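Chemist: Below is the structure I would like to discuss, written out as structure tokens.
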Amino acid sequence: MHEVSIALGMVDELYRIARKNNAERISSVKLKIGKMSGIVTDSLKFAFDAVKLEHPLLSRAEIIIEEVPLVYECNDCHVSFDAADIYFPSCGVCGSRNLRLVSGEEQHIESVEVTD
Amino acid sequence: MCDACDCGHVHIHEHPPHSPLTKGGQRGVKTVDVNQSLLKANNEAAVNNRQHFTDRGILAINLISSPGSGKTTLLEKTVEVLKDEISIGVLEGDIETALDAERIRAKGVPAEQLTTGGACHLDASQVHKGFHFLEHHLHGKKLDVLFIENVGNLVCPSFFDLGEHVRVVLISVPEGHDKPVKYPKAIRTSQLLIISKADLVQYFDFDISKIKKDALALNPSMKIIVTSAKTGEGMDEWIEFLKTNLKQK
């Protein structure tokens with residue numbers, strides 16, 4: 001349910017970006033969402049599509065989501081790997097649980113396409 | 001709002017997926033690199049809150065849990081033990097009612113109720129406003145600890161930094177020992193897990209060693225305290241935890 005709050009925060013942020021770039025319209029927003037970000041991408045899209053209609057700036061904006069895989073690096077054997085197990089990952093080579101998260105928690109606006 | 005005629009009404013317009021104007025290479029269309037967090041506004045407000053608390057020597061603690069895990073009861077018991085020793089203030093987050101703030105005020109410490117009116121979590125700007133309201137009741141008195149009791153919910157509050165120094169998650173025995181694996185973000189972002197209502201463990205199939213093992217697998221540096229506000233079990237350890245964190249401020 002926090003996706004609605006995130007979508008509303010995104011609307012505020014997009015207004016700031018539009019003002020800074022003298023844009024009249026935002027046509028697309030690229031997001032990077034990690035597999036372990038805890039954001040349900042369908043819910044975020046649904047929430048954004050509901051709230052954007054109230055804003056001329058955003059009413060035609062399309063969300064493009066790049067899902068970022070969950071990647072760890074093993075602190076023991078230094079190999080990087082895509083983790084299949086979200087919550088209890090272990091190194092595919094040496095079995096160690098001593099891991100460093102490389103990617104997968106992203107919740108970023110990467111870029112915005114604007115029309116002035 | 002209708003952006004074609006500016007009539008003030010909501011219209012649903014049918015558009016092709018890309019209007020001609022927004023196609024690449026058209027006049028006036030450009031891509032702006034942003035690369036910032038979706039929670040940027042909240043995160044900035046949280047940084048300001050934390051600085052504000054730190055500058056005033058206040059230890060801020062964010063309590064998160066499911067509804068009914070015993071956050072308010074834990075606070076009542078904590079106030080009973082500590083109120084003559086340290087100065088405590090409380091921000092109470094709920095969707096509706098001021099019941100929890102009234103419970104805390106009845107114990108003799110200032111409390112401000114933050115009602116979200118439907119939102120399932122507190123955010124940093126609500127805490128900012130709430131703290132200034134709370135300051136009015138303090139009449140210049142300095143706080144040592146600010147407890148922020150979040151809205152009862154084990155999911156959404158874990159996404160919103162409020163500017164706390166310490167995040168504490170409660171899981172009560174009746175909820176079951178599977179909660180850490182079901183709500184990993186709450187575990188991963190907290191420094192302390194309180195297993196509450198331990199006096200009920202004989203009535204439930206609740207495996208304390210399993211919940212500890214799962215929580216530590218998700219967050220190896222997490223501290224875990226088993227408590228019962230009813231019997232007083234674990235309360236000394238919790239008070240010790242608070243005092244240690246206060247000293248480190």
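Ligands are numbered from 1 in the order shown, residues from 1 within each chain, and chains are lettered A, B, ... in the order they appear in the structure tokens.
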Determine which residues of stretch 98-162 of chain B receive a DSSP assignment of alpha helix (DSSP H), computed from the backbone, and state them as a list in words.
Modeler: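 Matching residues, listed in order: Leu99, Asp100, Ala101, Glu102, Arg103, Ile104, Arg105, Ala124, Ser125, Gln126, Val127, His128, Lys129, Gly130, Phe131, His132, Phe133, Leu134, Glu135, His136, His137 and Leu138 of chain B.
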Chemist: Skip A:Lys45 itself and residues of its chain fewer than 4 positions away, then list as a PyMOL selection string all residues within 7 Å of it, counting only C-alpha atoms.
Modeler: chain A and resi 41+49+63
Chemist: Please find the residues of chain B near chain A - the criterion being any atom within 6 Å, counting only C-alpha atoms - and write them as a list of chain:residue names.
Modeler: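 So the contacting residues turn out to be B:Met1, B:Asp3, B:Gly28, B:Val29, B:Lys30, B:Thr31, B:Val32, B:Asp33, B:Val34, B:Asn35, B:Gln36, B:Ser37, B:Leu38, B:Cys156.
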Chemist: Step one, run DSSP on the backbone; step two, keep only residues of stretch 153-237 of chain B assigned to strand (DSSP E); then write them as a list in words.
Modeler: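 DSSP-assigned strand (DSSP E) residues in stretch 153-237 of chain B: Val166, Arg167, Val168, Val169, Leu170, Ile171, Ser172, Leu192, Leu193, Ile194, Ile195, Ser196, Lys223, Ile224, Ile225 and Val226 of chain B.
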Chemist: Fewer than 3 positions away in the same chain doesn't count, so skip those; otherwise give me all residues within 12 Å of B:Pro220, counting only C-alpha atoms, as a PyMOL selection string.
Modeler: (chain A and resi 88+97-99) or (chain B and resi 187-193+212-217+223-224)
Chemist: Using C-alpha atoms, can you write the selected residues to a file as a PDB file, in the first residue's frame?
Modeler:
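The resulting file, out.pdb, is reproduced below:
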```
ATOM      1  CA  PHE A  88      18.577 -16.375   2.621  1.00  0.00           C
ATOM      2  CA  ARG A  97      26.544 -16.490   3.685  1.00  0.00           C
ATOM      3  CA  ASN A  98      29.052 -13.670   4.158  1.00  0.00           C
ATOM      4  CA  LEU A  99      27.850 -11.586   1.219  1.00  0.00           C
TER       5      LEU A  99
ATOM      6  CA  ILE B 187      13.898  -6.955  10.102  1.00  0.00           C
ATOM      7  CA  ARG B 188      16.668  -5.786   7.804  1.00  0.00           C
ATOM      8  CA  THR B 189      16.151  -2.107   8.606  1.00  0.00           C
ATOM      9  CA  SER B 190      15.823  -2.447  12.401  1.00  0.00           C
ATOM     10  CA  GLN B 191      18.582  -2.608  15.013  1.00  0.00           C
ATOM     11  CA  LEU B 192      16.533  -4.365  17.675  1.00  0.00           C
ATOM     12  CA  LEU B 193      13.867  -7.078  17.560  1.00  0.00           C
ATOM     13  CA  LYS B 212      15.959 -15.698  16.389  1.00  0.00           C
ATOM     14  CA  LYS B 213      17.795 -17.750  13.765  1.00  0.00           C
ATOM     15  CA  ASP B 214      15.724 -16.322  10.886  1.00  0.00           C
ATOM     16  CA  ALA B 215      16.030 -12.739  12.129  1.00  0.00           C
ATOM     17  CA  LEU B 216      19.814 -13.051  12.476  1.00  0.00           C
ATOM     18  CA  ALA B 217      20.132 -14.623   9.018  1.00  0.00           C
ATOM     19  CA  LYS B 223      19.953  -7.417  18.797  1.00  0.00           C
ATOM     20  CA  ILE B 224      17.036  -9.533  20.064  1.00  0.00           C
TER      21      ILE B 224
END
```
Chemist: As an exercise, work out the distance from atom CA of B:Asn49 to atom CA of B:Phe160 in Å and give it to one decimal place.
Modeler: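 Atom CA of B:Asn49 sits 12.7 Å away from atom CA of B:Phe160.
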Chemist: Give me the residues within 10 Å of B:Lys142 as a list in words, counting only C-alpha atoms and dropping any in the same chain fewer than 2 places off.
Modeler: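 These residues fall inside the cut-off: Arg56, Gly57, Ile58, Ile86, Ser87, Ile88, Gly89, Glu135, Leu138, His139, Gly140, Asp144 and Val145 of chain B.
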Chemist: Would you mind exporting C-alpha atoms of the selected residues as a short mmCIF file (atom, residue, chain, number, x, y, z; two decimals), in the first residue's frame?
Modeler:
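Contents of the output file again.cif:
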```
data_model
loop_
_atom_site.label_atom_id
_atom_site.label_comp_id
_atom_site.auth_asym_id
_atom_site.auth_seq_id
_atom_site.Cartn_x
_atom_site.Cartn_y
_atom_site.Cartn_z
CA ARG B 56 19.30 18.82 20.85
CA GLY B 57 20.82 15.67 22.35
CA ILE B 58 17.61 13.69 21.81
CA ILE B 86 15.09 10.63 31.98
CA SER B 87 12.88 13.03 30.07
CA ILE B 88 10.63 11.21 27.59
CA GLY B 89 8.38 12.47 24.80
CA GLU B 135 7.65 21.02 21.81
CA LEU B 138 7.44 20.82 26.86
CA HIS B 139 7.62 24.49 27.90
CA GLY B 140 11.36 24.59 27.26
CA ASP B 144 16.35 12.80 26.37
CA VAL B 145 14.36 10.28 24.38
#
```
Chemist: For A:Val71, which residue out of A:Val102, A:Ala50, A:Val93, A:Leu44 is the nearest one, using only C-alpha atoms?
Modeler: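 Once distances to A:Val71 are computed over only C-alpha atoms, the minimum belongs to A:Val102.
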Chemist: Pick out the residues sitting within 12 Å of B:Gly232, and hand them over as a list in words; count only C-alpha atoms, and ignore anything fewer than 6 positions along from it in its own chain.
Modeler: Thr73, Leu74, Lys77, Thr78, Val81, Ser196, Lys197, Ala198, Asp199, Val226, Trp238 and Ile239 of chain B
Chemist: Generate a file of the selected residues that holds C-alpha atoms, formatted as a PDB file, in the first residue's frame.
Modeler:
```
ATOM      1  CA  THR B  73       2.056  -1.192  26.362  1.00  0.00           C
ATOM      2  CA  LEU B  74       5.843  -1.380  26.062  1.00  0.00           C
ATOM      3  CA  LYS B  77       5.916   0.194  31.048  1.00  0.00           C
ATOM      4  CA  THR B  78       9.044   2.024  29.902  1.00  0.00           C
ATOM      5  CA  VAL B  81      10.356   2.711  34.948  1.00  0.00           C
ATOM      6  CA  SER B 196       6.752  -9.458  22.985  1.00  0.00           C
ATOM      7  CA  LYS B 197       4.063 -11.293  24.976  1.00  0.00           C
ATOM      8  CA  ALA B 198       6.551 -14.042  25.872  1.00  0.00           C
ATOM      9  CA  ASP B 199       4.246 -15.071  28.736  1.00  0.00           C
ATOM     10  CA  VAL B 226      12.437 -11.497  24.554  1.00  0.00           C
ATOM     11  CA  TRP B 238      15.290  -3.285  27.176  1.00  0.00           C
ATOM     12  CA  ILE B 239      15.946  -0.485  29.674  1.00  0.00           C
TER      13      ILE B 239
END
```
Chemist: Of the candidates B:His165, B:Lys179, B:Lys71, B:Lys185, which shows the shortest atom-to-atom distance to B:Asn245, using only C-alpha atoms?
Modeler: B:His165
Chemist: In Å to one decimal, how far is atom CA of B:Gln126 from atom CA of B:His52?
Modeler: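 So the answer is 14.4 Å.
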Chemist: Give me, as a list in words, all polymer residues having an atom no more than 8 Å from B:Glu112, counting only C-alpha atoms and skipping those fewer than 2 positions away in the same chain.
Modeler: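 My reading of the contact set: Val90, Leu91, Glu92, Ala101, Pro110, Leu114, Gly130, Phe131, Phe133 and Leu134 of chain B.
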Chemist: Can you write out the residues you just picked, keeping N, CA and C atoms, as a PDB file, in the first residue's frame?
Modeler:
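Wrote it out as selection-v9.pdb, contents follow:
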```
ATOM      1  N   VAL B  90       6.663  11.420  23.426  1.00  0.00           N
ATOM      2  CA  VAL B  90       6.162  10.367  22.541  1.00  0.00           C
ATOM      3  C   VAL B  90       5.336  10.967  21.407  1.00  0.00           C
ATOM      4  N   LEU B  91       5.596  10.498  20.192  1.00  0.00           N
ATOM      5  CA  LEU B  91       4.720  10.782  19.055  1.00  0.00           C
ATOM      6  C   LEU B  91       3.988   9.492  18.731  1.00  0.00           C
ATOM      7  N   GLU B  92       2.672   9.554  18.703  1.00  0.00           N
ATOM      8  CA  GLU B  92       1.853   8.364  18.488  1.00  0.00           C
ATOM      9  C   GLU B  92       1.242   8.404  17.102  1.00  0.00           C
ATOM     10  N   ALA B 101      -2.189   8.317  22.442  1.00  0.00           N
ATOM     11  CA  ALA B 101      -1.548   9.484  23.065  1.00  0.00           C
ATOM     12  C   ALA B 101      -2.142   9.721  24.456  1.00  0.00           C
ATOM     13  N   PRO B 110       4.651  13.927  28.058  1.00  0.00           N
ATOM     14  CA  PRO B 110       4.012  14.579  26.917  1.00  0.00           C
ATOM     15  C   PRO B 110       3.922  13.647  25.707  1.00  0.00           C
ATOM     16  N   LEU B 114      -0.396  11.686  16.079  1.00  0.00           N
ATOM     17  CA  LEU B 114      -0.353  11.965  14.639  1.00  0.00           C
ATOM     18  C   LEU B 114      -1.376  11.039  13.980  1.00  0.00           C
ATOM     19  N   GLY B 130       4.785  17.022  13.888  1.00  0.00           N
ATOM     20  CA  GLY B 130       4.367  16.485  15.196  1.00  0.00           C
ATOM     21  C   GLY B 130       5.325  16.867  16.299  1.00  0.00           C
ATOM     22  N   PHE B 131       6.607  16.867  15.978  1.00  0.00           N
ATOM     23  CA  PHE B 131       7.607  17.197  17.005  1.00  0.00           C
ATOM     24  C   PHE B 131       7.464  18.660  17.445  1.00  0.00           C
ATOM     25  N   PHE B 133       4.696  20.392  17.473  1.00  0.00           N
ATOM     26  CA  PHE B 133       3.524  20.429  18.365  1.00  0.00           C
ATOM     27  C   PHE B 133       3.909  19.937  19.757  1.00  0.00           C
ATOM     28  N   LEU B 134       4.686  18.850  19.777  1.00  0.00           N
ATOM     29  CA  LEU B 134       5.103  18.274  21.064  1.00  0.00           C
ATOM     30  C   LEU B 134       5.939  19.281  21.856  1.00  0.00           C
TER      31      LEU B 134
END
```
